[in-house]
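Peer 1: Dropping a structure here in structure tokens format, bear with me for questions.
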Amino acid sequence: LYIKSKLNETPRSKIKTPKKKIDFSKWGPTEKKPLTKIQKITGEKLQAAWNEIPQVTQFNTADITDLNDFRKNLKEKNKEKGIKVTFLPFLIKAVAVLLEKYPHFNSSLDHNEKTLIIKNYYNIGVAVDTEQGLVVPVIKDVNKKSLIKLSEELETISNRARNKKLSTSEIKGGTFTISSLGGIGGSYFTPIVNHPEVAILGVSKSKWEHVYNENWKEFRPRFVLPFSVSYDHRVIDGADGARFAKDLSLVLENANNFKEQ
């Protein structure tokens with residue numbers, strides 16, 4: 001009876017404790033600014049994910065010196081077309097390659113959380129910072145698109161997000177999410193898994209570092225990208241989390257992986 005009663009209890013993590021009202025004006029001037037609708041929805045979703053998902057984060061770096069040179073050349077070739085070639089399309093393509101190799105990173109648990117649903121399509125959500133809050137539009141079938149096509153779609157859908165013109169279909173159906181803070185700064189961060197997905201990539205600002213390599217027998221300036229991979233530990237174990245992060249580095253460090261894209 002004791003065990004049965006415990007099984008029927010509501011988990012502490014799901015019990016919402018009433019918050020005590022605090023009058024902050026006692027210590028100085030204040031003002032009230034209501035959260036936007038997007039901030040409220042995002043906050044609720046992230047809180048639920050944080051409470052329900054046993055999350056682990058793996059940190060790593062990638063030497064993207066050669067990839068940066070390739071990106072600059074590609075950007076120059078498409079300059080007259082007005083296409084902006086950032087690192088994000090390369091990250092999307094690299095992730096798509098790894099999701100095929102590690103299919104459980106491209107999955108979701110069913111509603112009973114007892115069956116894993118492997119998705120044989122690759123739709124990448126990209127976090128976009130807007131005045132209303134964080135929005136995650138989804139780029140569909142990324143494995144079938146070129147770097148230039150992805151660059152065009154990213155610019156279009158990011159502008160639609162900032163102008164509040166996204167349709168419902170453009171924010172649903174994601175299988176994996178990328179959150180890039182490279183344009184802002186910072187070394188590492190811990191992104192929260194975008195439920196019902198099971199993994200997310202967090203990208204920080206690349207920087208030049210002096211790196212020693214056994215083959216060179218000397219230090220050389222290299223352009224290094226720091227990144228983080230957070231994942232649902234119920235689906236992905238630590239060893240595979242480490243392998244995924246290591247392989248992502250290897251894919252990004254070889255610019256030849258992208259020359260036919």
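A note on labels: chains of the structure tokens are A, B, ... as shown, every chain counts residues from 1, and ligands are counted from 1 in their shown order.
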Could you write out, as a VMD selection string, all the residues of segment 7-250 of chain A that DSSP marks as alpha helix (DSSP H)?
Peer 2: chain A and resid 7 to 8 37 to 52 65 to 77 88 to 101 147 to 162 238 to 250
Peer 1: Excluding same-chain residues fewer than 6 positions from Gly133 of chain A, what lies within 12 Å of it counting only C-alpha atoms, as number ranges by chain?
Peer 2: A: 35-43, 127, 161-164
Peer 1: Store the residues picked out above, limited to N, CA and C atoms, as a PDB file, in the first residue's frame.
Peer 2:
ATOM      1  N   LEU A  35       5.187  40.919 -20.029  1.00  0.00           N
ATOM      2  CA  LEU A  35       5.863  40.045 -20.977  1.00  0.00           C
ATOM      3  C   LEU A  35       5.056  39.987 -22.265  1.00  0.00           C
ATOM      4  N   THR A  36       5.763  39.860 -23.390  1.00  0.00           N
ATOM      5  CA  THR A  36       5.072  39.717 -24.664  1.00  0.00           C
ATOM      6  C   THR A  36       4.455  38.314 -24.741  1.00  0.00           C
ATOM      7  N   LYS A  37       3.553  38.129 -25.671  1.00  0.00           N
ATOM      8  CA  LYS A  37       2.914  36.824 -25.841  1.00  0.00           C
ATOM      9  C   LYS A  37       3.956  35.756 -26.143  1.00  0.00           C
ATOM     10  N   ILE A  38       4.927  36.104 -26.992  1.00  0.00           N
ATOM     11  CA  ILE A  38       5.988  35.160 -27.351  1.00  0.00           C
ATOM     12  C   ILE A  38       6.821  34.802 -26.134  1.00  0.00           C
ATOM     13  N   GLN A  39       7.154  35.786 -25.303  1.00  0.00           N
ATOM     14  CA  GLN A  39       7.942  35.525 -24.099  1.00  0.00           C
ATOM     15  C   GLN A  39       7.201  34.613 -23.132  1.00  0.00           C
ATOM     16  N   LYS A  40       5.892  34.808 -23.019  1.00  0.00           N
ATOM     17  CA  LYS A  40       5.099  33.959 -22.125  1.00  0.00           C
ATOM     18  C   LYS A  40       5.073  32.514 -22.608  1.00  0.00           C
ATOM     19  N   ILE A  41       4.814  32.334 -23.907  1.00  0.00           N
ATOM     20  CA  ILE A  41       4.745  30.981 -24.477  1.00  0.00           C
ATOM     21  C   ILE A  41       6.101  30.291 -24.396  1.00  0.00           C
ATOM     22  N   THR A  42       7.162  31.034 -24.764  1.00  0.00           N
ATOM     23  CA  THR A  42       8.510  30.473 -24.727  1.00  0.00           C
ATOM     24  C   THR A  42       8.908  30.111 -23.307  1.00  0.00           C
ATOM     25  N   GLY A  43       8.582  31.001 -22.365  1.00  0.00           N
ATOM     26  CA  GLY A  43       8.929  30.762 -20.965  1.00  0.00           C
ATOM     27  C   GLY A  43       8.263  29.508 -20.421  1.00  0.00           C
ATOM     28  N   ALA A 127      17.000  29.368 -33.833  1.00  0.00           N
ATOM     29  CA  ALA A 127      16.538  30.387 -32.897  1.00  0.00           C
ATOM     30  C   ALA A 127      16.858  31.785 -33.433  1.00  0.00           C
ATOM     31  N   ALA A 161      10.428  36.310 -39.246  1.00  0.00           N
ATOM     32  CA  ALA A 161      10.308  36.161 -37.791  1.00  0.00           C
ATOM     33  C   ALA A 161      10.365  37.525 -37.105  1.00  0.00           C
ATOM     34  N   ARG A 162      11.300  38.356 -37.524  1.00  0.00           N
ATOM     35  CA  ARG A 162      11.458  39.679 -36.904  1.00  0.00           C
ATOM     36  C   ARG A 162      10.284  40.593 -37.205  1.00  0.00           C
ATOM     37  N   ASN A 163       9.623  40.369 -38.330  1.00  0.00           N
ATOM     38  CA  ASN A 163       8.477  41.198 -38.718  1.00  0.00           C
ATOM     39  C   ASN A 163       7.138  40.579 -38.333  1.00  0.00           C
ATOM     40  N   LYS A 164       7.190  39.517 -37.510  1.00  0.00           N
ATOM     41  CA  LYS A 164       5.989  38.837 -37.007  1.00  0.00           C
ATOM     42  C   LYS A 164       5.090  38.333 -38.140  1.00  0.00           C
TER      43      LYS A 164
END
Peer 1: Run DSSP on the backbone and give me the residues of segment 17-240 of chain A it puts in strand (DSSP E or B), as a PyMOL selection string.
Peer 2: chain A and resi 55-63+107-109+116-118+124-126+128-130+133-135+138-139+176-180+199-203+207-213+218-232
Peer 1: Write a file of the selected residues as an mmCIF file, in the first residue's frame, keeping C-alpha atoms.
Peer 2:
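What follows is the written file result-v2.cif:
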data_model
loop_
_atom_site.group_PDB
_atom_site.id
_atom_site.type_symbol
_atom_site.label_atom_id
_atom_site.label_comp_id
_atom_site.auth_asym_id
_atom_site.auth_seq_id
_atom_site.Cartn_x
_atom_site.Cartn_y
_atom_site.Cartn_z
ATOM 1 C CA GLN A 55 19.408 17.283 -19.599
ATOM 2 C CA VAL A 56 23.175 16.920 -20.092
ATOM 3 C CA THR A 57 25.431 19.332 -21.990
ATOM 4 C CA GLN A 58 28.625 18.438 -23.849
ATOM 5 C CA PHE A 59 31.126 21.193 -24.703
ATOM 6 C CA ASN A 60 33.652 21.184 -27.531
ATOM 7 C CA THR A 61 35.481 23.332 -30.093
ATOM 8 C CA ALA A 62 36.130 23.138 -33.831
ATOM 9 C CA ASP A 63 39.012 24.618 -35.807
ATOM 10 C CA SER A 107 13.913 11.512 -32.577
ATOM 11 C CA SER A 108 11.210 12.124 -29.970
ATOM 12 C CA LEU A 109 9.689 10.066 -27.188
ATOM 13 C CA LEU A 116 11.300 6.308 -29.430
ATOM 14 C CA ILE A 117 10.030 7.787 -32.695
ATOM 15 C CA ILE A 118 12.886 8.043 -35.192
ATOM 16 C CA ILE A 124 16.270 22.212 -38.382
ATOM 17 C CA GLY A 125 14.885 24.911 -36.103
ATOM 18 C CA VAL A 126 16.945 28.095 -35.900
ATOM 19 C CA VAL A 128 15.988 33.998 -33.996
ATOM 20 C CA ASP A 129 16.277 36.955 -31.621
ATOM 21 C CA THR A 130 13.395 39.390 -32.163
ATOM 22 C CA GLY A 133 11.365 37.501 -27.825
ATOM 23 C CA LEU A 134 12.977 34.306 -29.062
ATOM 24 C CA VAL A 135 11.334 32.637 -32.068
ATOM 25 C CA VAL A 138 12.054 25.684 -38.988
ATOM 26 C CA ILE A 139 13.987 25.041 -42.205
ATOM 27 C CA PHE A 176 16.690 19.433 -34.059
ATOM 28 C CA THR A 177 17.416 23.035 -33.069
ATOM 29 C CA ILE A 178 20.430 25.331 -33.431
ATOM 30 C CA SER A 179 20.805 28.372 -31.192
ATOM 31 C CA SER A 180 23.605 30.665 -32.340
ATOM 32 C CA ALA A 199 18.943 17.528 -28.649
ATOM 33 C CA ILE A 200 20.013 21.095 -29.404
ATOM 34 C CA LEU A 201 23.229 22.759 -30.575
ATOM 35 C CA GLY A 202 24.406 26.003 -28.969
ATOM 36 C CA VAL A 203 26.997 27.985 -30.936
ATOM 37 C CA LYS A 207 37.829 33.647 -32.014
ATOM 38 C CA TRP A 208 41.457 33.468 -33.056
ATOM 39 C CA GLU A 209 43.700 31.355 -30.833
ATOM 40 C CA HIS A 210 47.287 30.111 -30.935
ATOM 41 C CA VAL A 211 46.988 26.339 -31.303
ATOM 42 C CA TYR A 212 49.774 23.765 -31.029
ATOM 43 C CA ASN A 213 49.595 20.750 -33.318
ATOM 44 C CA GLU A 218 54.628 24.780 -33.485
ATOM 45 C CA PHE A 219 51.850 27.167 -32.472
ATOM 46 C CA ARG A 220 49.761 28.679 -35.262
ATOM 47 C CA PRO A 221 46.863 31.154 -35.249
ATOM 48 C CA ARG A 222 43.603 29.262 -35.812
ATOM 49 C CA PHE A 223 39.970 30.366 -35.947
ATOM 50 C CA VAL A 224 38.193 28.348 -33.257
ATOM 51 C CA LEU A 225 34.460 27.823 -32.813
ATOM 52 C CA PRO A 226 33.163 26.935 -29.303
ATOM 53 C CA PHE A 227 29.883 25.025 -29.159
ATOM 54 C CA SER A 228 27.629 23.066 -26.800
ATOM 55 C CA VAL A 229 25.344 20.100 -27.396
ATOM 56 C CA SER A 230 22.534 19.582 -24.860
ATOM 57 C CA TYR A 231 20.543 16.362 -24.960
ATOM 58 C CA ASP A 232 17.837 14.333 -23.239
#
Peer 1: Please report the interatomic distance between atom CA of Asp240 of chain A and atom CA of Asn194 of chain A in Å with one decimal.
Peer 2: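 Those two atoms sit 18.9 Å apart.
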Peer 1: Using only C-alpha atoms for the distances, tell me which of A:Leu252, A:Glu113, A:Glu152, A:Lys21 is nearest to Ile53 of chain A.
Peer 2: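 Nearest to Ile53 of chain A: A:Glu113.
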Peer 1: Of the candidates A:Val136, A:Glu155, A:Glu214, A:Tyr121, which one gets nearest to Ser167 of chain A if we count only C-alpha atoms?
Peer 2: A:Val136
Peer 1: Can you tell me how far atom CA of Arg234 of chain A sits from atom CA of Gly174 of chain A, in Å to one decimal?
Peer 2: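 Between atom CA of Arg234 of chain A and atom CA of Gly174 of chain A the gap is 19.5 Å.
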Peer 1: Write out as a PyMOL selection string the residues lying within 12 Å of Leu154 of chain A, counting only C-alpha atoms and excluding same-chain residues fewer than 2 positions away.
Peer 2: chain A and resi 83-90+92+124-128+136-140+142+145+147-152+156-161+170
Peer 1: Please list as a list in words every residue within 12 Å of Val251 of chain A, counting only C-alpha atoms and excluding residues in the same chain fewer than 2 positions away.
Peer 2: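 Result of the neighbour search: Thr61, Ala62, Asp63, Ile64, Asp66, Leu67, Phe90, Leu91, Ile92, Lys93, Ala94, Val95, Ala96, Val97, Leu98, Phe244, Ala245, Lys246, Asp247, Leu248, Ser249, Glu253, Asn254, Ala255, Asn256, Asn257 and Phe258 of chain A.
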Peer 1: Tell me, as a list of chain:residue names, which residues lie within 8 Å of Gly182 of chain A, counting only C-alpha atoms; anything in the same chain fewer than 6 positions away does not count.
Peer 2: A:Val203, A:Ser204, A:Lys205, A:Ser206
Peer 1: For the selection you just gave me, I'd like the residues written to a file as a PDB file, in the first residue's frame, keeping N, CA and C atoms.
Peer 2:
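Listing of again.pdb after writing:
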ATOM      1  N   VAL A 203      25.764  27.510 -30.298  1.00  0.00           N
ATOM      2  CA  VAL A 203      26.997  27.985 -30.936  1.00  0.00           C
ATOM      3  C   VAL A 203      27.390  29.347 -30.371  1.00  0.00           C
ATOM      4  N   SER A 204      28.649  29.475 -29.979  1.00  0.00           N
ATOM      5  CA  SER A 204      29.147  30.733 -29.420  1.00  0.00           C
ATOM      6  C   SER A 204      30.052  31.451 -30.418  1.00  0.00           C
ATOM      7  N   LYS A 205      30.651  32.539 -29.999  1.00  0.00           N
ATOM      8  CA  LYS A 205      31.440  33.386 -30.898  1.00  0.00           C
ATOM      9  C   LYS A 205      32.810  32.778 -31.183  1.00  0.00           C
ATOM     10  N   SER A 206      33.136  32.650 -32.449  1.00  0.00           N
ATOM     11  CA  SER A 206      34.457  32.137 -32.850  1.00  0.00           C
ATOM     12  C   SER A 206      35.525  33.183 -32.563  1.00  0.00           C
TER      13      SER A 206
END
Peer 1: What gap, in Å, lies between atom CA of Asn123 of chain A and atom CA of Lys172 of chain A?
Peer 2: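 So the answer is 9.3 Å.
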Peer 1: Hey, which of A:Glu131, A:Asp69, A:Glu44, A:Glu52 ends up closest to His233 of chain A? Count only C-alpha atoms.
Peer 2: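 Under the stated criterion, the closest residue is A:Glu52.
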Peer 1: Point out the residue among A:Asn120, A:Thr190, A:Ser146, A:Gln132 with the least atom-to-atom distance to Lys259 of chain A, counting only C-alpha atoms.
Peer 2: A:Ser146
